[in-house]
file coords.csv (CSV, C-alpha atoms)
chain,number,residue,atom,x,y,z
A,1,MET,CA,-19.7,12.7,-27.0
A,2,THR,CA,-16.6,14.9,-26.4
A,3,ILE,CA,-13.5,13.6,-28.1
A,4,ALA,CA,-10.2,14.8,-26.9
A,5,ILE,CA,-7.2,15.4,-29.2
A,6,GLY,CA,-5.5,12.2,-30.0
A,7,GLU,CA,-8.6,10.1,-29.6
A,8,GLN,CA,-10.6,8.6,-32.5
A,9,LEU,CA,-13.8,6.8,-33.0
A,10,ASN,CA,-13.5,3.2,-34.2
A,11,ASP,CA,-15.8,1.5,-36.7
A,12,ASN,CA,-18.3,0.9,-34.0
A,13,GLY,CA,-18.5,4.5,-33.0
A,14,ARG,CA,-16.5,3.9,-29.7
A,15,MET,CA,-13.6,5.9,-28.6
A,16,GLY,CA,-10.1,4.4,-29.0
A,17,MET,CA,-8.4,4.5,-25.6
A,18,ASN,CA,-5.2,6.4,-25.1
A,19,GLY,CA,-3.1,7.9,-22.3
A,20,LYS,CA,-5.1,11.2,-22.2
A,21,PHE,CA,-8.4,9.4,-21.5
A,22,LYS,CA,-6.7,7.3,-18.9
A,23,ARG,CA,-5.6,10.5,-17.2
A,24,ARG,CA,-9.2,11.8,-17.2
A,25,VAL,CA,-10.3,8.5,-15.7
A,26,LEU,CA,-7.8,8.8,-12.8
A,27,ASP,CA,-8.8,12.5,-12.4
A,28,ALA,CA,-12.5,11.4,-12.1
A,29,CYS,CA,-11.7,8.6,-9.6
A,30,GLU,CA,-9.6,11.0,-7.5
A,31,ALA,CA,-12.4,13.6,-7.4
A,32,ALA,CA,-15.0,11.0,-6.4
A,33,LEU,CA,-12.8,9.6,-3.6
A,34,VAL,CA,-12.3,13.1,-2.3
A,35,ARG,CA,-16.1,13.6,-2.2
A,36,HIS,CA,-16.2,10.4,-0.1
A,37,GLY,CA,-13.8,11.8,2.6
A,38,PHE,CA,-10.4,10.9,1.2
A,39,ARG,CA,-7.7,13.4,0.8
A,40,ARG,CA,-5.6,14.3,-2.3
A,41,VAL,CA,-2.0,14.2,-1.2
A,42,ARG,CA,-0.7,15.0,-4.7
A,43,LEU,CA,-1.8,14.1,-8.2
A,44,HIS,CA,-3.4,10.7,-8.2
A,45,THR,CA,-2.1,10.0,-4.6
A,46,ILE,CA,-5.1,9.5,-2.3
A,47,ALA,CA,-5.0,9.1,1.5
A,48,LEU,CA,-7.3,8.8,4.4
A,49,ASP,CA,-6.1,10.5,7.6
A,50,ILE,CA,-6.5,8.0,10.5
A,51,SER,CA,-3.9,9.0,13.1
A,52,PRO,CA,-0.6,11.0,13.2
A,53,ASP,CA,1.3,7.8,12.3
A,54,PHE,CA,-1.1,6.1,9.9
A,55,GLN,CA,-3.0,6.9,6.7
A,56,GLY,CA,-5.4,4.8,4.8
A,57,TRP,CA,-4.0,4.2,1.3
A,58,VAL,CA,-5.8,3.7,-2.1
A,59,GLY,CA,-4.2,2.3,-5.2
A,60,LEU,CA,-5.7,2.7,-8.6
A,61,ASN,CA,-4.2,0.1,-10.9
A,62,THR,CA,-5.1,1.0,-14.4
A,63,GLY,CA,-4.6,-0.5,-17.8
A,64,LEU,CA,-5.7,0.2,-21.4
A,65,TYR,CA,-7.7,-2.7,-22.9
A,66,GLY,CA,-8.8,-1.9,-26.4
A,67,ASP,CA,-12.0,0.1,-26.1
A,68,ARG,CA,-11.8,0.7,-22.3
A,69,VAL,CA,-9.7,1.8,-19.4
A,70,ARG,CA,-9.8,-0.7,-16.6
A,71,VAL,CA,-9.3,0.2,-13.0
A,72,THR,CA,-8.6,-2.3,-10.3
A,73,PRO,CA,-8.5,-0.6,-6.9
A,74,ALA,CA,-6.5,-1.7,-3.8
A,75,VAL,CA,-6.8,-0.6,-0.2
A,76,GLY,CA,-4.2,-0.5,2.5
A,77,VAL,CA,-2.2,1.4,5.0
A,78,HIS,CA,0.7,3.8,4.9
A,79,CYS,CA,2.7,4.2,8.1
A,80,VAL,CA,4.4,7.5,8.0
A,81,PRO,CA,7.2,7.1,10.5
A,82,LEU,CA,8.0,3.6,9.3
A,83,MET,CA,8.2,4.4,5.6
A,84,ARG,CA,10.1,7.6,6.4
A,85,LEU,CA,12.7,5.7,8.4
A,86,ILE,CA,13.1,2.9,5.9
A,87,CYS,CA,13.7,5.4,3.1
A,88,SER,CA,16.3,7.1,5.3
A,89,LEU,CA,18.1,3.8,6.1
A,90,GLU,CA,18.1,2.9,2.4
A,91,LYS,CA,19.1,6.5,1.4
A,92,ARG,CA,16.0,7.0,-0.7
A,93,HIS,CA,13.8,10.1,-0.9
A,94,TYR,CA,10.6,9.8,1.0
A,95,LYS,CA,7.2,11.1,-0.2
A,96,VAL,CA,4.2,10.7,2.0
A,97,SER,CA,1.8,8.0,0.8
A,98,GLU,CA,3.7,7.5,-2.4
A,99,ILE,CA,4.2,3.8,-1.6
A,100,THR,CA,1.9,1.7,0.5
A,101,THR,CA,3.2,-0.1,3.6
A,102,PHE,CA,0.9,-2.9,2.6
A,103,ALA,CA,-2.3,-3.2,0.6
A,104,PHE,CA,-4.8,-5.7,-0.6
A,105,SER,CA,-6.5,-5.8,-4.0
A,106,LEU,CA,-10.2,-5.6,-3.6
A,107,ASN,CA,-10.7,-8.8,-5.6
A,108,THR,CA,-8.5,-10.5,-2.9
A,109,ILE,CA,-10.7,-9.1,-0.1
A,110,LYS,CA,-14.0,-9.8,-1.8
A,111,LYS,CA,-14.0,-12.6,-4.3
A,112,GLY,CA,-15.7,-12.1,-7.7
A,113,ILE,CA,-15.3,-8.4,-7.9
A,114,ASP,CA,-14.9,-7.2,-11.4
A,115,PRO,CA,-12.6,-4.3,-12.4
A,116,PHE,CA,-14.2,-0.9,-13.0
A,117,ASN,CA,-14.4,-0.2,-16.8
A,118,PHE,CA,-14.5,3.2,-18.4
A,119,MET,CA,-15.4,3.1,-22.1
A,120,SER,CA,-16.3,6.7,-22.9
A,121,GLU,CA,-16.7,10.2,-21.4
A,122,ALA,CA,-20.2,9.2,-20.4
A,123,ASP,CA,-18.8,6.6,-18.0
A,124,LEU,CA,-16.6,9.0,-16.0
A,125,GLU,CA,-19.0,10.3,-13.4
A,126,HIS,CA,-21.1,7.2,-12.8
A,127,GLU,CA,-18.3,4.6,-12.8
A,128,SER,CA,-15.9,6.8,-10.7
A,129,GLU,CA,-18.7,7.3,-8.2
A,130,ARG,CA,-19.4,3.6,-8.1
A,131,LEU,CA,-15.7,2.9,-7.5
A,132,ALA,CA,-15.4,5.5,-4.7
A,133,SER,CA,-18.5,4.1,-3.0
A,134,PHE,CA,-17.0,0.6,-3.2
A,135,VAL,CA,-13.7,1.7,-1.8
A,136,GLU,CA,-15.4,3.5,1.1
A,137,GLN,CA,-16.8,0.2,2.3
A,138,TYR,CA,-13.3,-0.7,3.3
A,139,VAL,CA,-12.5,2.3,5.5
A,140,PRO,CA,-13.1,0.0,8.6
A,141,LEU,CA,-10.4,-2.4,7.2
A,142,MET,CA,-7.9,0.6,6.9
A,143,ARG,CA,-8.6,1.6,10.4
A,144,ASP,CA,-8.4,-1.9,11.8
A,145,PHE,CA,-5.0,-2.4,10.1
A,146,SER,CA,-3.6,0.9,11.2
A,147,SER,CA,-1.3,-0.3,14.0
A,148,TYR,CA,2.4,-1.3,14.3
A,149,GLU,CA,1.4,-4.8,15.3
A,150,ALA,CA,-0.6,-5.2,12.1
A,151,VAL,CA,2.4,-4.0,10.1
A,152,VAL,CA,4.5,-6.7,11.8
A,153,ALA,CA,1.9,-9.4,11.3
A,154,VAL,CA,1.1,-8.7,7.6
A,155,SER,CA,4.8,-8.2,6.8
A,156,LYS,CA,5.8,-11.5,8.4
A,157,TRP,CA,3.1,-13.2,6.4
A,158,ARG,CA,4.5,-11.7,3.2
A,159,SER,CA,8.2,-11.9,4.1
A,160,ASP,CA,9.0,-14.1,1.1
A,161,MET,CA,7.4,-11.7,-1.3
A,162,LEU,CA,8.7,-8.6,-3.1
A,163,GLY,CA,8.0,-5.3,-1.4
A,164,GLY,CA,10.6,-5.0,1.4
A,165,TYR,CA,8.5,-6.8,3.9
A,166,PRO,CA,11.4,-8.2,6.0
A,167,GLU,CA,12.6,-4.6,6.4
A,168,LYS,CA,9.2,-3.5,7.5
A,169,VAL,CA,9.0,-6.2,10.2
A,170,ALA,CA,12.3,-5.1,11.7
A,171,THR,CA,11.6,-1.4,11.5
A,172,ALA,CA,8.1,-1.7,13.0
A,173,LEU,CA,9.6,-3.8,15.9
A,174,TYR,CA,12.2,-1.1,16.5
A,175,LEU,CA,9.5,1.6,16.5
A,176,MET,CA,7.5,-0.4,19.0
A,177,GLY,CA,10.5,-0.5,21.3
A,178,ARG,CA,10.9,-4.3,20.8
A,179,THR,CA,14.6,-4.1,19.9
A,180,GLU,CA,15.6,-7.6,20.9
A,181,GLU,CA,12.9,-9.0,18.6
A,182,ALA,CA,14.2,-6.7,15.9
A,183,ARG,CA,17.7,-7.9,16.3
A,184,ALA,CA,16.6,-11.6,16.3
A,185,TRP,CA,14.5,-11.0,13.1
A,186,LEU,CA,17.4,-9.3,11.3
A,187,ALA,CA,19.8,-12.2,12.2
A,188,ILE,CA,17.4,-14.8,10.8
A,189,GLN,CA,16.7,-12.8,7.7
A,190,LEU,CA,20.4,-12.1,7.0
A,191,GLU,CA,21.0,-15.9,6.9
A,192,LEU,CA,18.1,-16.3,4.5
A,193,PHE,CA,19.3,-13.5,2.3
A,194,ARG,CA,22.8,-14.9,2.1
A,195,LEU,CA,21.3,-17.8,0.1
A,196,ARG,CA,20.1,-15.3,-2.5
A,197,GLU,CA,21.9,-13.4,-5.3
A,198,ARG,CA,24.5,-10.8,-4.2
A,199,SER,CA,22.3,-8.1,-5.8
A,200,THR,CA,19.5,-9.0,-3.3
A,201,PHE,CA,21.7,-9.8,-0.3
A,202,GLU,CA,23.9,-6.7,-0.3
A,203,PRO,CA,21.1,-4.1,-0.1
A,204,PHE,CA,19.4,-6.0,2.7
A,205,ALA,CA,22.7,-6.4,4.6
A,206,GLU,CA,23.3,-2.6,4.3
A,207,PHE,CA,19.8,-1.9,5.6
A,208,ALA,CA,20.3,-4.3,8.5
A,209,SER,CA,23.6,-2.7,9.4
A,210,ASN,CA,22.1,0.7,9.4
A,211,LEU,CA,19.1,-0.3,11.5
A,212,LEU,CA,21.3,-2.2,14.0
A,213,HIS,CA,23.5,0.9,14.4
A,214,LEU,CA,20.3,2.9,15.1
A,215,ILE,CA,19.2,0.3,17.7
A,216,GLU,CA,22.5,0.6,19.4
A,217,THR,CA,22.8,4.4,19.4
A,218,GLU,CA,19.2,5.8,19.6
A,219,GLU,CA,16.5,4.9,22.1
A,220,VAL,CA,13.0,5.0,20.6
A,221,SER,CA,9.9,6.2,22.4
A,222,ALA,CA,7.5,3.3,21.8
A,223,PRO,CA,3.9,3.9,20.9
A,224,ALA,CA,1.1,2.5,23.1
A,225,ALA,CA,0.9,-0.7,21.0
A,226,ALA,CA,4.4,-1.7,22.2
A,227,ALA,CA,2.8,-3.2,25.3
A,228,SER,CA,1.2,-5.9,23.1
A,229,SER,CA,2.8,-9.3,23.4
A,230,SER,CA,3.7,-11.5,20.4
A,231,ALA,CA,0.8,-13.8,21.3
A,232,HIS,CA,-1.6,-10.9,21.3
A,233,LEU,CA,-0.2,-9.7,18.0
A,234,ASP,CA,-0.6,-13.1,16.4
A,235,ALA,CA,-4.2,-13.5,17.7
A,236,ARG,CA,-5.1,-10.0,16.5
A,237,TRP,CA,-3.7,-10.8,13.0
A,238,ASP,CA,-5.7,-14.0,12.9
A,239,HIS,CA,-8.8,-12.1,13.8
A,240,LEU,CA,-8.2,-9.4,11.1
A,241,ARG,CA,-7.3,-12.0,8.5
A,242,GLY,CA,-10.4,-14.0,9.3
A,243,SER,CA,-12.6,-10.9,9.2
A,244,TYR,CA,-11.5,-9.5,5.8
A,245,LEU,CA,-9.5,-12.1,3.8

call {"tool": "encode", "arguments": {"input": "coords.csv", "output": "structure tokens"}}
result
Amino acid sequence: MTIAIGEQLNDNGRMGMNGKFKRRVLDACEAALVRHGFRRVRLHTIALDISPDFQGWVGLNTGLYGDRVRVTPAVGVHCVPLMRLICSLEKRHYKVSEITTFAFSLNTIKKGIDPFNFMSEADLEHESERLASFVEQYVPLMRDFSSYEAVVAVSKWRSDMLGGYPEKVATALYLMGRTEEARAWLAIQLELFRLRERSTFEPFAEFASNLLHLIETEEVSAPAAAASSSAHLDARWDHLRGSYL
């Protein structure tokens, strides 16, 4: 067994976990995912190129648990124009695929899935390959959810959660050319946000003001999905949710 600096064997001969081993676990998982067709955007940021607007997204949630590093993957979608625009409206720096547009933990998609455990150097290749093979099974999910209508549907479903989902609904509607729906959604959400703390309401109010100004001053070229009606969007979401969740 190779022991890196800062790691020690415990009384049972196992390696005590630390940040350096966790980094090697992430390196191994990243390399395995690349072998399975994913792309390294930057260190430990993995994407799957789907279309000019959409990327598949993989999250590797890691934790140190005594004698092991535990990895719980998540899969989702990153919408490049949408996330870029939201960051611009909120005056934040954008990095491609740094933050998911939405994602699902694999144990949410498939019940009873155990996290992937790395206990020693000997586990790196086998367990990372097993993780990549498992994630690869959900490439069809990433492709099915790579549309603006899916962004709207998922974000509406999660609109009372953290993660900026009300903002994603409004921005996606704008990018689809459905500006009246975007205005109506923002009006409803502003009334709901007024009931929250000022620290929550004020950032959303500023975002809404910036997006409304954009709606008034810039006409957007809607993608093909803009022709979809709300009824079709809801039916499509029900189908996807029933298929995967």

call {"tool": "closest_residue", "arguments": {"input": "coords.csv", "among": "A:Glu216, A:Asp144, A:Asp238, A:Glu30", "to": "Arg42 of chain A", "atoms": "only C-alpha atoms"}}
result
A:Glu30

call {"tool": "closest_residue", "arguments": {"input": "coords.csv", "among": "A:Ala235, A:Ile109, A:Leu240, A:Ala32", "to": "Arg130 of chain A", "atoms": "all atoms listed in the file"}}
result
A:Ala32

call {"tool": "closest_residue", "arguments": {"input": "coords.csv", "among": "A:Arg70, A:Leu175, A:Ala132, A:Ser51", "to": "Gly37 of chain A", "atoms": "all atoms listed in the file"}}
result
A:Ala132

call {"tool": "residues_around", "arguments": {"input": "coords.csv", "residues": "segment 191-204 of chain A", "least_positions_apart": "6", "cutoff": "12 Å", "atoms": "only C-alpha atoms", "output": "list of chain:residue names"}}
result
A:Ile86, A:Leu89, A:Glu90, A:Lys91, A:Ser159, A:Asp160, A:Leu162, A:Gly164, A:Tyr165, A:Pro166, A:Glu167, A:Lys168, A:Ala170, A:Ala184, A:Trp185, A:Asn210, A:Leu211

call {"tool": "closest_residue", "arguments": {"input": "coords.csv", "among": "A:Leu64, A:Val69, A:Ile46, A:Ala74", "to": "Glu127 of chain A", "atoms": "only C-alpha atoms"}}
result
A:Val69

call {"tool": "closest_residue", "arguments": {"input": "coords.csv", "among": "A:Glu206, A:Arg241, A:His213, A:Lys22", "to": "Ala153 of chain A", "atoms": "only C-alpha atoms"}}
result
A:Arg241
